[in-house]
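Listing of input_6.txt; format and content: compact mmCIF, C-alpha atoms and all ligand atoms.
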```txt
# COMPACT_ATOMS: atom_id res chain seq x y z
CA MET A 1 92.99 104.24 107.50
CA PRO A 2 92.35 103.30 103.88
CA GLU A 3 92.46 99.52 103.60
CA LEU A 4 92.82 97.35 100.52
CA PRO A 5 89.09 97.52 99.56
CA GLU A 6 89.13 101.34 99.65
CA VAL A 7 92.27 101.42 97.50
CA GLU A 8 90.77 98.97 95.01
CA THR A 9 87.60 101.06 94.86
CA LEU A 10 89.66 104.17 94.28
CA ARG A 11 91.43 102.35 91.43
CA ARG A 12 88.11 101.49 89.83
CA ALA A 13 86.83 105.03 90.34
CA LEU A 14 89.94 106.50 88.72
CA LEU A 15 89.82 104.27 85.62
CA PRO A 16 87.14 106.26 83.71
CA LEU A 17 88.77 109.56 84.73
CA ALA A 18 92.39 108.75 83.99
CA LYS A 19 92.82 105.68 81.79
CA ASN A 20 93.73 106.64 78.21
CA LYS A 21 93.54 110.30 79.27
CA ILE A 22 96.42 112.73 78.87
CA LEU A 23 97.83 114.72 81.78
CA LYS A 24 98.21 118.37 80.86
CA GLU A 25 99.89 119.61 84.03
CA ILE A 26 100.83 118.52 87.54
CA LYS A 27 101.09 121.01 90.38
CA PHE A 28 102.96 120.11 93.55
CA PHE A 29 102.51 122.07 96.75
CA ARG A 30 105.22 120.32 98.75
CA LYS A 31 108.61 118.79 98.02
CA ASP A 32 107.96 115.77 100.20
CA ILE A 33 105.22 113.79 101.89
CA ARG A 34 106.47 110.63 103.55
CA PHE A 35 109.31 110.61 101.03
CA PRO A 36 110.60 113.34 98.70
CA ILE A 37 108.34 113.70 95.65
CA PRO A 38 110.36 113.12 92.43
CA THR A 39 108.66 116.07 90.75
CA LYS A 40 110.97 116.18 87.72
CA ASP A 41 110.56 112.48 86.93
CA LEU A 42 106.81 112.68 87.42
CA ARG A 43 106.42 115.72 85.15
CA GLU A 44 108.65 114.23 82.46
CA GLY A 45 107.08 110.81 82.66
CA LEU A 46 103.45 111.79 82.88
CA THR A 47 102.64 115.08 81.20
CA GLY A 48 101.56 115.02 77.58
CA LYS A 49 101.27 111.25 77.60
CA PRO A 50 98.30 108.97 78.06
CA ILE A 51 97.88 106.90 81.24
CA SER A 52 97.70 103.40 79.78
CA ASP A 53 96.34 101.65 82.85
CA ILE A 54 95.90 101.82 86.62
CA SER A 55 96.92 98.78 88.61
CA ARG A 56 97.16 97.97 92.30
CA ARG A 57 99.65 96.01 94.39
CA GLY A 58 98.49 95.71 97.96
CA LYS A 59 97.68 99.26 98.99
CA TYR A 60 99.81 100.87 96.28
CA LEU A 61 98.24 102.26 93.10
CA LEU A 62 100.27 102.46 89.91
CA LEU A 63 99.36 104.83 87.10
CA HIS A 64 101.19 103.53 84.07
CA ALA A 65 102.67 105.83 81.43
CA PRO A 66 104.90 104.91 78.43
CA THR A 67 108.23 105.26 80.30
CA GLY A 68 107.25 104.23 83.82
CA ALA A 69 104.57 104.57 86.44
CA MET A 70 103.52 106.89 89.21
CA ILE A 71 103.16 105.10 92.55
CA LEU A 72 100.51 106.39 94.96
CA HIS A 73 99.95 105.35 98.56
CA LEU A 74 97.30 106.89 100.77
CA GLY A 75 99.12 106.24 104.05
CA MET A 76 96.97 106.79 107.13
CA SER A 77 94.77 109.65 105.98
CA GLY A 78 95.30 110.20 102.26
CA ARG A 79 92.61 110.59 99.66
CA VAL A 80 92.20 111.51 96.02
CA VAL A 81 89.26 113.73 95.15
CA GLN A 82 87.92 115.57 92.17
CA HIS A 83 87.63 119.35 92.36
CA PRO A 84 86.56 121.79 89.64
CA SER A 85 89.90 123.61 89.36
CA ILE A 86 93.64 123.37 89.94
CA GLN A 87 93.41 125.62 93.00
CA PRO A 88 93.99 123.66 96.21
CA VAL A 89 90.90 123.74 98.39
CA GLU A 90 92.58 122.46 101.52
CA LYS A 91 95.72 123.11 103.51
CA HIS A 92 96.76 119.49 103.03
CA THR A 93 96.47 119.36 99.25
CA HIS A 94 99.92 118.21 98.14
CA ALA A 95 99.44 117.70 94.41
CA VAL A 96 96.87 118.35 91.68
CA PHE A 97 96.73 116.36 88.46
CA HIS A 98 95.14 118.29 85.62
CA PHE A 99 93.95 116.22 82.67
CA GLU A 100 93.26 117.52 79.16
CA THR A 101 89.66 116.45 79.64
CA GLY A 102 89.26 119.13 82.32
CA THR A 103 89.41 116.68 85.23
CA PHE A 104 91.37 117.82 88.29
CA LEU A 105 92.43 115.13 90.76
CA HIS A 106 93.64 116.43 94.11
CA PHE A 107 95.88 114.36 96.36
CA ILE A 108 95.20 115.36 99.97
CA ASP A 109 96.93 113.84 103.00
CA PRO A 110 96.82 115.64 106.38
CA ARG A 111 99.06 113.21 108.25
CA ARG A 112 101.50 112.84 105.35
CA PHE A 113 102.14 109.10 105.65
CA GLY A 114 101.18 108.68 102.01
CA CYS A 115 103.50 108.95 99.05
CA ILE A 116 103.73 110.00 95.41
CA LEU A 117 106.66 108.32 93.68
CA TRP A 118 107.90 107.37 90.23
CA THR A 119 109.31 104.12 88.93
CA HIS A 120 111.06 103.86 85.57
CA LYS A 121 109.84 101.11 83.31
CA ASN A 122 111.37 97.71 84.08
CA GLU A 123 113.33 99.08 87.02
CA GLY A 124 111.04 98.11 89.87
CA HIS A 125 110.93 100.07 93.10
CA PRO A 126 112.21 99.13 96.58
CA LEU A 127 108.74 99.67 98.07
CA LEU A 128 107.12 97.32 95.56
CA ASP A 129 109.88 94.77 95.13
CA SER A 130 109.50 93.44 98.65
CA LEU A 131 105.71 93.06 98.46
CA GLY A 132 104.25 89.60 98.67
CA MET A 133 101.17 88.20 96.96
CA ASP A 134 98.05 90.30 96.56
CA PRO A 135 95.12 88.51 98.21
CA LEU A 136 92.78 89.33 95.32
CA ASP A 137 95.07 87.96 92.58
CA ASP A 138 93.79 84.79 90.97
CA THR A 139 97.21 83.23 91.52
CA THR A 140 96.98 83.80 95.28
CA THR A 141 95.40 80.50 96.24
CA GLY A 142 95.33 78.30 99.30
CA LYS A 143 97.87 76.10 97.56
CA ALA A 144 100.25 79.02 96.98
CA LEU A 145 100.02 79.95 100.66
CA LYS A 146 100.58 76.38 101.75
CA VAL A 147 103.80 76.30 99.71
CA MET A 148 104.94 79.68 101.09
CA ALA A 149 104.18 78.69 104.67
CA ARG A 150 106.22 75.50 104.50
CA LYS A 151 108.30 75.16 107.67
CA CYS A 152 107.19 78.61 108.87
CA LYS A 153 107.00 78.63 112.66
CA ALA A 154 105.36 82.05 112.98
CA PRO A 155 101.72 82.17 114.07
CA ILE A 156 99.28 82.33 111.16
CA LYS A 157 98.15 85.82 112.24
CA SER A 158 101.68 87.23 111.83
CA PHE A 159 102.13 85.28 108.62
CA ILE A 160 99.07 86.69 106.84
CA MET A 161 99.76 90.24 108.03
CA ASP A 162 103.37 90.18 106.83
CA SER A 163 103.36 92.30 103.67
CA LYS A 164 106.37 90.42 102.32
CA ARG A 165 104.16 87.35 102.14
CA LEU A 166 100.61 88.59 101.68
CA THR A 167 100.20 92.27 101.03
CA GLY A 168 97.46 94.63 102.18
CA VAL A 169 95.74 92.45 104.80
CA GLY A 170 94.87 94.73 107.73
CA ASN A 171 94.02 93.61 111.25
CA ILE A 172 90.23 93.65 110.71
CA TYR A 173 90.48 91.46 107.60
CA ALA A 174 92.98 89.13 109.27
CA CYS A 175 90.74 88.55 112.34
CA GLU A 176 87.56 88.12 110.34
CA SER A 177 89.03 85.72 107.77
CA MET A 178 90.66 83.53 110.46
CA PHE A 179 87.29 83.35 112.21
CA GLN A 180 85.48 82.35 109.02
CA GLY A 181 88.22 79.86 108.21
CA GLY A 182 88.00 78.39 111.74
CA LEU A 183 91.72 78.96 112.35
CA ASN A 184 93.27 79.72 115.71
CA PRO A 185 95.40 82.88 115.31
CA ARG A 186 98.24 81.32 117.34
CA ARG A 187 98.49 78.26 115.10
CA GLN A 188 101.88 77.80 113.46
CA ALA A 189 101.55 78.82 109.80
CA GLY A 190 103.64 75.85 108.69
CA LYS A 191 101.19 73.41 110.29
CA VAL A 192 98.05 74.70 108.56
CA THR A 193 96.78 72.10 106.10
CA LEU A 194 96.10 72.68 102.42
CA ARG A 195 92.36 72.32 103.00
CA GLU A 196 92.51 74.92 105.78
CA TRP A 197 94.52 77.36 103.64
CA GLU A 198 91.97 76.92 100.85
CA ASN A 199 89.07 77.68 103.19
CA PHE A 200 90.94 80.63 104.61
CA MET A 201 91.63 82.14 101.17
CA ILE A 202 87.98 81.71 100.15
CA SER A 203 86.97 83.59 103.32
CA LEU A 204 89.54 86.34 102.90
CA LYS A 205 88.68 86.97 99.23
CA ALA A 206 84.95 86.97 100.03
CA ILE A 207 85.35 89.49 102.86
CA LEU A 208 87.47 91.81 100.72
CA ASN A 209 85.14 91.51 97.72
CA ASN A 210 82.04 92.14 99.85
CA SER A 211 83.69 95.21 101.26
CA ILE A 212 84.53 96.45 97.76
CA ALA A 213 80.97 95.74 96.61
CA SER A 214 79.56 97.77 99.50
CA GLY A 215 81.71 100.76 98.59
CA GLY A 216 80.28 101.76 95.24
CA THR A 217 82.27 102.16 92.08
CA THR A 218 82.60 105.88 91.44
CA LEU A 219 84.51 108.64 93.17
CA ARG A 220 81.19 110.21 94.02
CA ASP A 221 80.15 107.06 95.84
CA PHE A 222 83.55 106.67 97.39
CA PHE A 223 83.52 109.99 99.19
CA THR A 224 80.79 111.26 101.44
CA ALA A 225 79.19 114.68 100.99
CA ASP A 226 81.85 116.40 103.06
CA ASN A 227 84.53 114.76 100.92
CA THR A 228 85.81 112.42 103.61
CA PRO A 229 86.60 108.92 102.39
CA GLY A 230 83.82 106.46 102.92
CA TYR A 231 85.43 103.61 104.81
CA TYR A 232 83.48 100.50 104.27
CA ALA A 233 81.36 98.80 106.78
CA VAL A 234 82.60 95.26 107.07
CA ASN A 235 80.12 92.86 108.55
CA LEU A 236 82.09 92.10 111.68
CA SER A 237 81.81 88.81 113.55
CA VAL A 238 84.75 89.05 115.97
CA TYR A 239 86.80 92.20 115.39
CA GLY A 240 86.25 94.68 118.25
CA LYS A 241 83.72 92.30 119.86
CA GLU A 242 85.53 91.32 123.06
CA ASN A 243 83.15 89.61 125.53
CA GLN A 244 80.30 89.66 123.04
CA PRO A 245 78.77 86.32 121.99
CA CYS A 246 80.29 84.49 119.03
CA PRO A 247 77.71 84.61 116.20
CA ILE A 248 78.09 80.84 115.71
CA CYS A 249 78.36 79.31 119.21
CA ALA A 250 77.63 82.25 121.57
CA THR A 251 80.91 81.80 123.51
CA PRO A 252 82.28 85.22 124.49
CA ILE A 253 84.87 86.50 121.99
CA VAL A 254 88.33 86.91 123.48
CA ARG A 255 90.94 89.54 122.78
CA ALA A 256 94.60 88.57 122.75
CA LEU A 257 97.71 90.59 122.04
CA GLN A 258 99.91 89.37 119.21
CA THR A 259 102.99 91.37 118.26
CA GLY A 260 101.47 94.39 119.93
CA ARG A 261 98.14 94.23 118.11
CA SER A 262 94.75 93.01 119.24
CA THR A 263 93.50 89.73 117.90
CA PHE A 264 89.84 88.89 118.40
CA TYR A 265 88.70 85.28 118.13
CA CYS A 266 86.39 82.55 119.39
CA LYS A 267 88.14 79.89 121.47
CA VAL A 268 85.54 77.28 120.49
CA CYS A 269 85.11 77.89 116.75
CA GLN A 270 88.83 78.58 116.26
CA LYS A 271 90.20 75.75 118.35
CA LYS A 272 92.52 74.37 115.71
ZN ZN A 301 82.24 80.41 118.33
```
Transcribe the structure of this file into structure tokens.
Ligand SMILES: [Zn+2]
Amino acid sequence: MPELPEVETLRRALLPLAKNKILKEIKFFRKDIRFPIPTKDLREGLTGKPISDISRRGKYLLLHAPTGAMILHLGMSGRVVQHPSIQPVEKHTHAVFHFETGTFLHFIDPRRFGCILWTHKNEGHPLLDSLGMDPLDDTTTGKALKVMARKCKAPIKSFIMDSKRLTGVGNIYACESMFQGGLNPRRQAGKVTLREWENFMISLKAILNNSIASGGTTLRDFFTADNTPGYYAVNLSVYGKENQPCPICATPIVRALQTGRSTFYCKVCQKK
């Protein structure tokens, strides 16, 4: 599944292809993916106008045009690739964006959990309005999390994976950053100290940024030769390492279930 680093890399890869470029035509091959595609709004809002910028909120990409923005989400299996023409090359090609520069971007999503939506300028969108802080934003600091977690009785693991609070943190990144921050996943979020939140945010940002750095910065780097997305190797210390020695203290890593998902951690290094 594309995680935040893959989406951020896609954003960076799309910038030279789409920013300040004019869309000539959009072809849709379905009326819906996860949600109905607002084809009329997208055509009216995007064609013949330059894309002024591409931003990201969590795992959503926004391509900004003068009257609004297209919202893209890759879901479980989505990807955006460049092909030499507007002709779909796969059964699961749902849309093709044809730029005046001769670039064709194909949106492909076999499992159809992704989405292509439109938001009018200054109107917001229900999917975006409920999103919490983006972990890579400069304003998302340990202090900001400490304030948000005030009186929160939920375990820190649930807290950081709740997209209404912190958006785009998948299970791998949650487990690894709690390990690096020395935090027990069952700890009540409201009882984590400012110092601990600060250490945790430093770890989380570093893991995400390292993952982005390992992924390359162009679409060519992003996708492997057979055009499958290159999911990034994260240097894993605990995730998926049940019974293997902790890299710090050699105690076997344990796996626990929290809200139906596996949590991997070291009982010694993450005592608190
Ligand atoms: Zn340990």
Selected residue, from A:Ala256, A:Pro155, A:Asp137, A:Thr263, that lies nearest to Glu176 of chain A when counting only C-alpha atoms: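 Of A:Ala256, A:Pro155, A:Asp137, A:Thr263, the one nearest Glu176 of chain A, counting only C-alpha atoms, is A:Thr263.
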Segment 181-188 of chain A surroundings by only C-alpha atoms, 8 Å radius, close-in-sequence under 3 positions cut, as a PDB file with C-alpha atoms, in the coordinates of the input:
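Final output, around.pdb:
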```pdb
ATOM      1  CA  CYS A 152     107.190  78.610 108.870  1.00  0.00           C
ATOM      2  CA  LYS A 153     107.000  78.630 112.660  1.00  0.00           C
ATOM      3  CA  ALA A 154     105.360  82.050 112.980  1.00  0.00           C
ATOM      4  CA  PRO A 155     101.720  82.170 114.070  1.00  0.00           C
ATOM      5  CA  ILE A 156      99.280  82.330 111.160  1.00  0.00           C
ATOM      6  CA  LYS A 157      98.150  85.820 112.240  1.00  0.00           C
ATOM      7  CA  CYS A 175      90.740  88.550 112.340  1.00  0.00           C
ATOM      8  CA  SER A 177      89.030  85.720 107.770  1.00  0.00           C
ATOM      9  CA  MET A 178      90.660  83.530 110.460  1.00  0.00           C
ATOM     10  CA  LYS A 191     101.190  73.410 110.290  1.00  0.00           C
ATOM     11  CA  VAL A 192      98.050  74.700 108.560  1.00  0.00           C
ATOM     12  CA  GLU A 196      92.510  74.920 105.780  1.00  0.00           C
ATOM     13  CA  ASN A 199      89.070  77.680 103.190  1.00  0.00           C
ATOM     14  CA  PHE A 200      90.940  80.630 104.610  1.00  0.00           C
ATOM     15  CA  SER A 203      86.970  83.590 103.320  1.00  0.00           C
ATOM     16  CA  THR A 263      93.500  89.730 117.900  1.00  0.00           C
ATOM     17  CA  TYR A 265      88.700  85.280 118.130  1.00  0.00           C
ATOM     18  CA  LYS A 267      88.140  79.890 121.470  1.00  0.00           C
ATOM     19  CA  CYS A 269      85.110  77.890 116.750  1.00  0.00           C
ATOM     20  CA  GLN A 270      88.830  78.580 116.260  1.00  0.00           C
ATOM     21  CA  LYS A 271      90.200  75.750 118.350  1.00  0.00           C
ATOM     22  CA  LYS A 272      92.520  74.370 115.710  1.00  0.00           C
TER      23      LYS A 272
END
```
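What separates atom CA of Phe28 of chain A from atom CA of Thr103 of chain A is a distance of 16.3 Å.
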Gap from atom CA of Gln87 of chain A to atom CA of Ile26 of chain A - Å, one decimal: 11.6 Å
Selection near segment 159-170 of chain A, 8 Å with all atoms listed in the file, sequence-local residues under 2 positions removed, as a ChimeraX atom specification: /A:3-4,57-59,130-135,148-149,154-157,172-174,189
Neighbour list for Lys19 of chain A as a list of chain:residue names, cut-off 7 Å, all atoms listed in the file, skip fewer than 6 positions in-chain: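 In the requested format, the answer is A:Ile51, A:Ser52, A:Asp53, A:Ile54.
Distance annotation: of A:Glu198, A:Arg34, A:Pro50, A:Ile212, the residue with the minimal separation from Leu10 of chain A is A:Ile212; atom set is all atoms listed in the file.
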Distance filter 8 Å around ligand ZN 301 (chain A), atoms: only C-alpha atoms and all ligand atoms, out as JSON, numbers by chain: {"A": [245, 246, 247, 248, 249, 250, 251, 252, 253, 266, 267, 268, 269, 270]}
Computed interatomic separation between atom CA of Ile207 of chain A and atom CA of Arg150 of chain A (Å):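 If I compute the distance from atom CA of Ile207 of chain A to atom CA of Arg150 of chain A, I get 25.2 Å.
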Within-12 Å shell of (84.3, 90.1, 97.9) in input frame, only C-alpha atoms, as a list in words: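 These residues have at least one counted atom within 12 Å: Leu4, Pro5, Glu8, Thr9, Pro135, Leu136, Tyr173, Ser177, Met201, Ile202, Ser203, Leu204, Lys205, Ala206, Ile207, Leu208, Asn209, Asn210, Ser211, Ile212, Ala213, Ser214, Gly215, Val234 and Asn235 of chain A.
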